[in-house]
>>> print(open('structure_3.json').read())   # JSON, C-alpha atoms
[["chain", "number", "residue", "atom", "x", "y", "z"],
["A", 13, "GLN", "CA", 83.01, -71.24, 118.35],
["A", 14, "VAL", "CA", 80.24, -69.35, 116.61],
["A", 15, "HIS", "CA", 76.99, -71.26, 116.41],
["A", 16, "LEU", "CA", 73.73, -70.13, 114.81],
["A", 17, "VAL", "CA", 70.47, -72.09, 114.92],
["A", 18, "GLU", "CA", 67.34, -71.02, 113.08],
["A", 19, "SER", "CA", 63.78, -72.06, 113.80],
["A", 20, "GLY", "CA", 60.23, -71.09, 112.94],
["A", 21, "GLY", "CA", 59.91, -72.04, 109.31],
["A", 22, "GLY", "CA", 57.04, -74.00, 107.84],
["A", 23, "LEU", "CA", 54.25, -74.12, 105.30],
["A", 24, "VAL", "CA", 51.96, -71.10, 105.13],
["A", 25, "GLN", "CA", 49.28, -69.90, 102.74],
["A", 26, "PRO", "CA", 49.77, -66.74, 100.69],
["A", 27, "GLY", "CA", 49.00, -63.73, 102.83],
["A", 28, "GLY", "CA", 49.98, -65.54, 105.99],
["A", 29, "SER", "CA", 52.68, -64.82, 108.53],
["A", 30, "LEU", "CA", 55.66, -66.55, 110.10],
["A", 31, "ARG", "CA", 58.20, -65.51, 112.71],
["A", 32, "LEU", "CA", 61.70, -66.86, 112.34],
["A", 33, "SER", "CA", 64.18, -66.99, 115.19],
["A", 34, "CYS", "CA", 67.95, -67.37, 115.20],
["A", 35, "ALA", "CA", 69.82, -68.24, 118.38],
["A", 36, "ALA", "CA", 73.46, -67.19, 118.43],
["A", 37, "SER", "CA", 76.35, -68.29, 120.62],
["A", 38, "GLY", "CA", 80.11, -67.88, 120.62],
["A", 39, "ILE", "CA", 80.12, -64.11, 120.04],
["A", 40, "ASN", "CA", 79.50, -60.98, 122.06],
["A", 41, "PHE", "CA", 76.13, -60.81, 120.35],
["A", 42, "LYS", "CA", 75.17, -57.23, 121.11],
["A", 43, "LEU", "CA", 78.21, -55.93, 119.23],
["A", 44, "TYR", "CA", 77.48, -57.68, 115.94],
["A", 45, "THR", "CA", 75.42, -56.92, 112.89],
["A", 46, "MET", "CA", 73.17, -59.86, 112.11],
["A", 47, "ASP", "CA", 71.75, -60.81, 108.71],
["A", 48, "TRP", "CA", 68.81, -62.83, 107.51],
["A", 49, "ASN", "CA", 69.36, -64.35, 104.08],
["A", 50, "ARG", "CA", 67.35, -66.65, 101.84],
["A", 51, "GLN", "CA", 68.03, -69.01, 98.99],
["A", 52, "ALA", "CA", 65.33, -70.26, 96.67],
["A", 53, "PRO", "CA", 65.82, -73.37, 94.50],
["A", 54, "GLY", "CA", 67.99, -72.56, 91.52],
["A", 55, "LYS", "CA", 68.74, -69.05, 92.73],
["A", 56, "GLU", "CA", 71.62, -67.39, 94.51],
["A", 57, "ARG", "CA", 71.44, -66.57, 98.20],
["A", 58, "GLU", "CA", 70.25, -63.04, 98.83],
["A", 59, "LEU", "CA", 70.31, -60.73, 101.80],
["A", 60, "VAL", "CA", 66.79, -60.15, 103.11],
["A", 61, "ALA", "CA", 67.32, -57.98, 106.17],
["A", 62, "ARG", "CA", 70.10, -56.69, 108.37],
["A", 63, "ILE", "CA", 70.22, -55.29, 111.87],
["A", 64, "SER", "CA", 73.18, -53.61, 113.50],
["A", 65, "GLY", "CA", 74.15, -54.03, 117.13],
["A", 66, "GLY", "CA", 72.51, -50.68, 117.79],
["A", 67, "GLY", "CA", 69.30, -51.68, 116.05],
["A", 68, "THR", "CA", 69.64, -49.97, 112.67],
["A", 69, "THR", "CA", 67.81, -52.01, 110.05],
["A", 70, "THR", "CA", 67.95, -52.41, 106.29],
["A", 71, "TYR", "CA", 65.76, -54.48, 103.99],
["A", 72, "GLU", "CA", 65.82, -55.91, 100.50],
["A", 73, "ASP", "CA", 63.33, -53.99, 98.37],
["A", 74, "SER", "CA", 60.88, -56.84, 97.81],
["A", 75, "VAL", "CA", 60.29, -57.35, 101.55],
["A", 76, "LYS", "CA", 60.06, -53.74, 102.67],
["A", 77, "GLY", "CA", 56.83, -53.12, 104.54],
["A", 78, "ARG", "CA", 56.19, -56.85, 104.96],
["A", 79, "PHE", "CA", 59.19, -58.15, 106.94],
["A", 80, "THR", "CA", 60.59, -56.83, 110.20],
["A", 81, "ILE", "CA", 63.95, -57.77, 111.66],
["A", 82, "SER", "CA", 64.55, -57.38, 115.39],
["A", 83, "ARG", "CA", 66.91, -58.60, 118.04],
["A", 84, "ASP", "CA", 67.06, -59.50, 121.72],
["A", 85, "ASN", "CA", 70.52, -58.76, 123.09],
["A", 86, "VAL", "CA", 69.70, -60.44, 126.41],
["A", 87, "TRP", "CA", 68.82, -63.80, 124.91],
["A", 88, "ASN", "CA", 71.19, -63.46, 121.92],
["A", 89, "ARG", "CA", 68.48, -63.91, 119.33],
["A", 90, "VAL", "CA", 67.56, -62.25, 116.09],
["A", 91, "PHE", "CA", 64.05, -62.49, 114.66],
["A", 92, "LEU", "CA", 62.40, -62.06, 111.29],
["A", 93, "GLN", "CA", 58.68, -61.33, 111.35],
["A", 94, "MET", "CA", 57.28, -62.07, 107.92],
["A", 95, "ASN", "CA", 53.80, -60.84, 107.02],
["A", 96, "SER", "CA", 51.79, -60.86, 103.79],
["A", 97, "LEU", "CA", 53.85, -63.77, 102.54],
["A", 98, "LYS", "CA", 53.92, -64.49, 98.82],
["A", 99, "PRO", "CA", 54.80, -67.68, 96.93],
["A", 100, "GLU", "CA", 57.99, -65.98, 95.76],
["A", 101, "ASP", "CA", 59.12, -65.77, 99.39],
["A", 102, "THR", "CA", 59.55, -69.55, 99.37],
["A", 103, "ALA", "CA", 63.17, -70.33, 100.25],
["A", 104, "VAL", "CA", 65.54, -71.61, 102.88],
["A", 105, "TYR", "CA", 66.10, -68.76, 105.34],
["A", 106, "SER", "CA", 69.32, -68.54, 107.30],
["A", 107, "CYS", "CA", 70.94, -66.09, 109.64],
["A", 108, "SER", "CA", 74.56, -65.10, 109.41],
["A", 109, "VAL", "CA", 77.22, -63.03, 111.11],
["A", 110, "GLN", "CA", 80.70, -61.91, 110.15],
["A", 111, "HIS", "CA", 83.24, -62.61, 112.87],
["A", 112, "ARG", "CA", 87.02, -62.18, 112.59],
["A", 113, "GLY", "CA", 86.90, -62.15, 108.82],
["A", 114, "ASN", "CA", 84.72, -65.22, 108.47],
["A", 115, "VAL", "CA", 81.01, -65.46, 107.71],
["A", 116, "TYR", "CA", 79.16, -67.89, 109.91],
["A", 117, "ARG", "CA", 75.74, -69.18, 108.90],
["A", 118, "GLY", "CA", 73.20, -71.52, 110.40],
["A", 119, "ARG", "CA", 71.72, -74.51, 108.62],
["A", 120, "GLY", "CA", 68.59, -72.57, 107.78],
["A", 121, "THR", "CA", 64.88, -73.15, 108.04],
["A", 122, "GLN", "CA", 62.53, -73.87, 105.14],
["A", 123, "VAL", "CA", 59.73, -71.42, 104.42],
["A", 124, "THR", "CA", 57.14, -72.55, 101.89],
["A", 125, "VAL", "CA", 54.33, -70.26, 100.82],
["A", 126, "SER", "CA", 51.67, -72.17, 98.95],
["A", 127, "SER", "CA", 47.94, -72.68, 98.83]]
>>> encode(input="structure_3.json", output="structure tokens")
Amino acid sequence: QVHLVESGGGLVQPGGSLRLSCAASGINFKLYTMDWNRQAPGKERELVARISGGGTTTYEDSVKGRFTISRDNVWNRVFLQMNSLKPEDTAVYSCSVQHRGNVYRGRGTQVTVSS
């Protein structure tokens, strides 16, 4: 069974940084593309960053140059380093993976950027 657990969210001031972590189990992790998504109140979920099994990364335009996705294929974790945070980055952040035709997602972690 695929299981994803996020951690690392919290309250941070504008301009601050956070590092999110997602622990994965139930898949051969190194073979899978992993996504970080976010959903702000009243808005649809959006893809923030993606990393392939081989380490190729893509980013949503608004986070380019500020966020970095990475992975540890030994410990089956994917990370999202978020720098220069803005109030508009406030959302629930979740990681997800597509496995056998299904999308699996963790419960998410709240990130609030506010002074």
>>> atom_distance(input="structure_3.json", atom1="CA of Thr45 (chain A)", atom2="CA of Gly27 (chain A)")
29.1 Å
>>> residues_around(input="structure_3.json", residues="region 63-75 of chain A", least_positions_apart="2", cutoff="12 Å", atoms="only C-alpha atoms", output="PDB file with C-alpha atoms, keeping the file's coordinate frame")
ATOM      1  CA  ASN A  40      79.500 -60.980 122.060  1.00  0.00           C
ATOM      2  CA  PHE A  41      76.130 -60.810 120.350  1.00  0.00           C
ATOM      3  CA  LYS A  42      75.170 -57.230 121.110  1.00  0.00           C
ATOM      4  CA  LEU A  43      78.210 -55.930 119.230  1.00  0.00           C
ATOM      5  CA  TYR A  44      77.480 -57.680 115.940  1.00  0.00           C
ATOM      6  CA  THR A  45      75.420 -56.920 112.890  1.00  0.00           C
ATOM      7  CA  MET A  46      73.170 -59.860 112.110  1.00  0.00           C
ATOM      8  CA  ASP A  47      71.750 -60.810 108.710  1.00  0.00           C
ATOM      9  CA  TRP A  48      68.810 -62.830 107.510  1.00  0.00           C
ATOM     10  CA  ASN A  49      69.360 -64.350 104.080  1.00  0.00           C
ATOM     11  CA  ARG A  50      67.350 -66.650 101.840  1.00  0.00           C
ATOM     12  CA  GLU A  58      70.250 -63.040  98.830  1.00  0.00           C
ATOM     13  CA  LEU A  59      70.310 -60.730 101.800  1.00  0.00           C
ATOM     14  CA  VAL A  60      66.790 -60.150 103.110  1.00  0.00           C
ATOM     15  CA  ALA A  61      67.320 -57.980 106.170  1.00  0.00           C
ATOM     16  CA  GLY A  77      56.830 -53.120 104.540  1.00  0.00           C
ATOM     17  CA  ARG A  78      56.190 -56.850 104.960  1.00  0.00           C
ATOM     18  CA  PHE A  79      59.190 -58.150 106.940  1.00  0.00           C
ATOM     19  CA  THR A  80      60.590 -56.830 110.200  1.00  0.00           C
ATOM     20  CA  ILE A  81      63.950 -57.770 111.660  1.00  0.00           C
ATOM     21  CA  SER A  82      64.550 -57.380 115.390  1.00  0.00           C
ATOM     22  CA  ARG A  83      66.910 -58.600 118.040  1.00  0.00           C
ATOM     23  CA  ASP A  84      67.060 -59.500 121.720  1.00  0.00           C
ATOM     24  CA  ASN A  85      70.520 -58.760 123.090  1.00  0.00           C
ATOM     25  CA  ASN A  88      71.190 -63.460 121.920  1.00  0.00           C
ATOM     26  CA  ARG A  89      68.480 -63.910 119.330  1.00  0.00           C
ATOM     27  CA  VAL A  90      67.560 -62.250 116.090  1.00  0.00           C
ATOM     28  CA  PHE A  91      64.050 -62.490 114.660  1.00  0.00           C
ATOM     29  CA  LEU A  92      62.400 -62.060 111.290  1.00  0.00           C
ATOM     30  CA  GLN A  93      58.680 -61.330 111.350  1.00  0.00           C
ATOM     31  CA  MET A  94      57.280 -62.070 107.920  1.00  0.00           C
ATOM     32  CA  ASN A  95      53.800 -60.840 107.020  1.00  0.00           C
ATOM     33  CA  SER A  96      51.790 -60.860 103.790  1.00  0.00           C
ATOM     34  CA  LEU A  97      53.850 -63.770 102.540  1.00  0.00           C
ATOM     35  CA  LYS A  98      53.920 -64.490  98.820  1.00  0.00           C
ATOM     36  CA  GLU A 100      57.990 -65.980  95.760  1.00  0.00           C
ATOM     37  CA  ASP A 101      59.120 -65.770  99.390  1.00  0.00           C
ATOM     38  CA  CYS A 107      70.940 -66.090 109.640  1.00  0.00           C
ATOM     39  CA  SER A 108      74.560 -65.100 109.410  1.00  0.00           C
ATOM     40  CA  VAL A 109      77.220 -63.030 111.110  1.00  0.00           C
ATOM     41  CA  GLN A 110      80.700 -61.910 110.150  1.00  0.00           C
TER      42      GLN A 110
END
>>> closest_residue(input="structure_3.json", among="A:Leu32, A:Leu23, A:Ile39, A:Val86", to="Gly120 (chain A)", atoms="only C-alpha atoms")
A:Leu32
>>> atom_distance(input="structure_3.json", atom1="CA of Ala36 (chain A)", atom2="CA of Arg117 (chain A)")
10.0 Å
>>> axis_aligned_box(input="structure_3.json", around="region 48-65 of chain A", padding_each_side="3 Å", output="JSON")
{"center_x": 69.7, "center_y": -63.5, "center_z": 104.3, "size_x": 14.8, "size_y": 25.8, "size_z": 31.6}
>>> atom_distance(input="structure_3.json", atom1="CA of Gly28 (chain A)", atom2="CA of Val123 (chain A)")
11.5 Å
>>> closest_residue(input="structure_3.json", among="A:Lys55, A:Arg62, A:Arg119, A:Lys76", to="Thr102 (chain A)", atoms="all atoms listed in the file")
A:Lys55
>>> residues_around(input="structure_3.json", residues="Val24 (chain A)", least_positions_apart="4", cutoff="7 Å", atoms="only C-alpha atoms", output="PyMOL selection string")
chain A and resi 28+124-126
>>> closest_residue(input="structure_3.json", among="A:Tyr105, A:Pro99, A:Asn114, A:Ser127", to="Gly21 (chain A)", atoms="all atoms listed in the file")
A:Tyr105
>>> closest_residue(input="structure_3.json", among="A:Arg57, A:Gln51, A:Ser29, A:Leu16", to="Val104 (chain A)", atoms="all atoms listed in the file")
A:Gln51
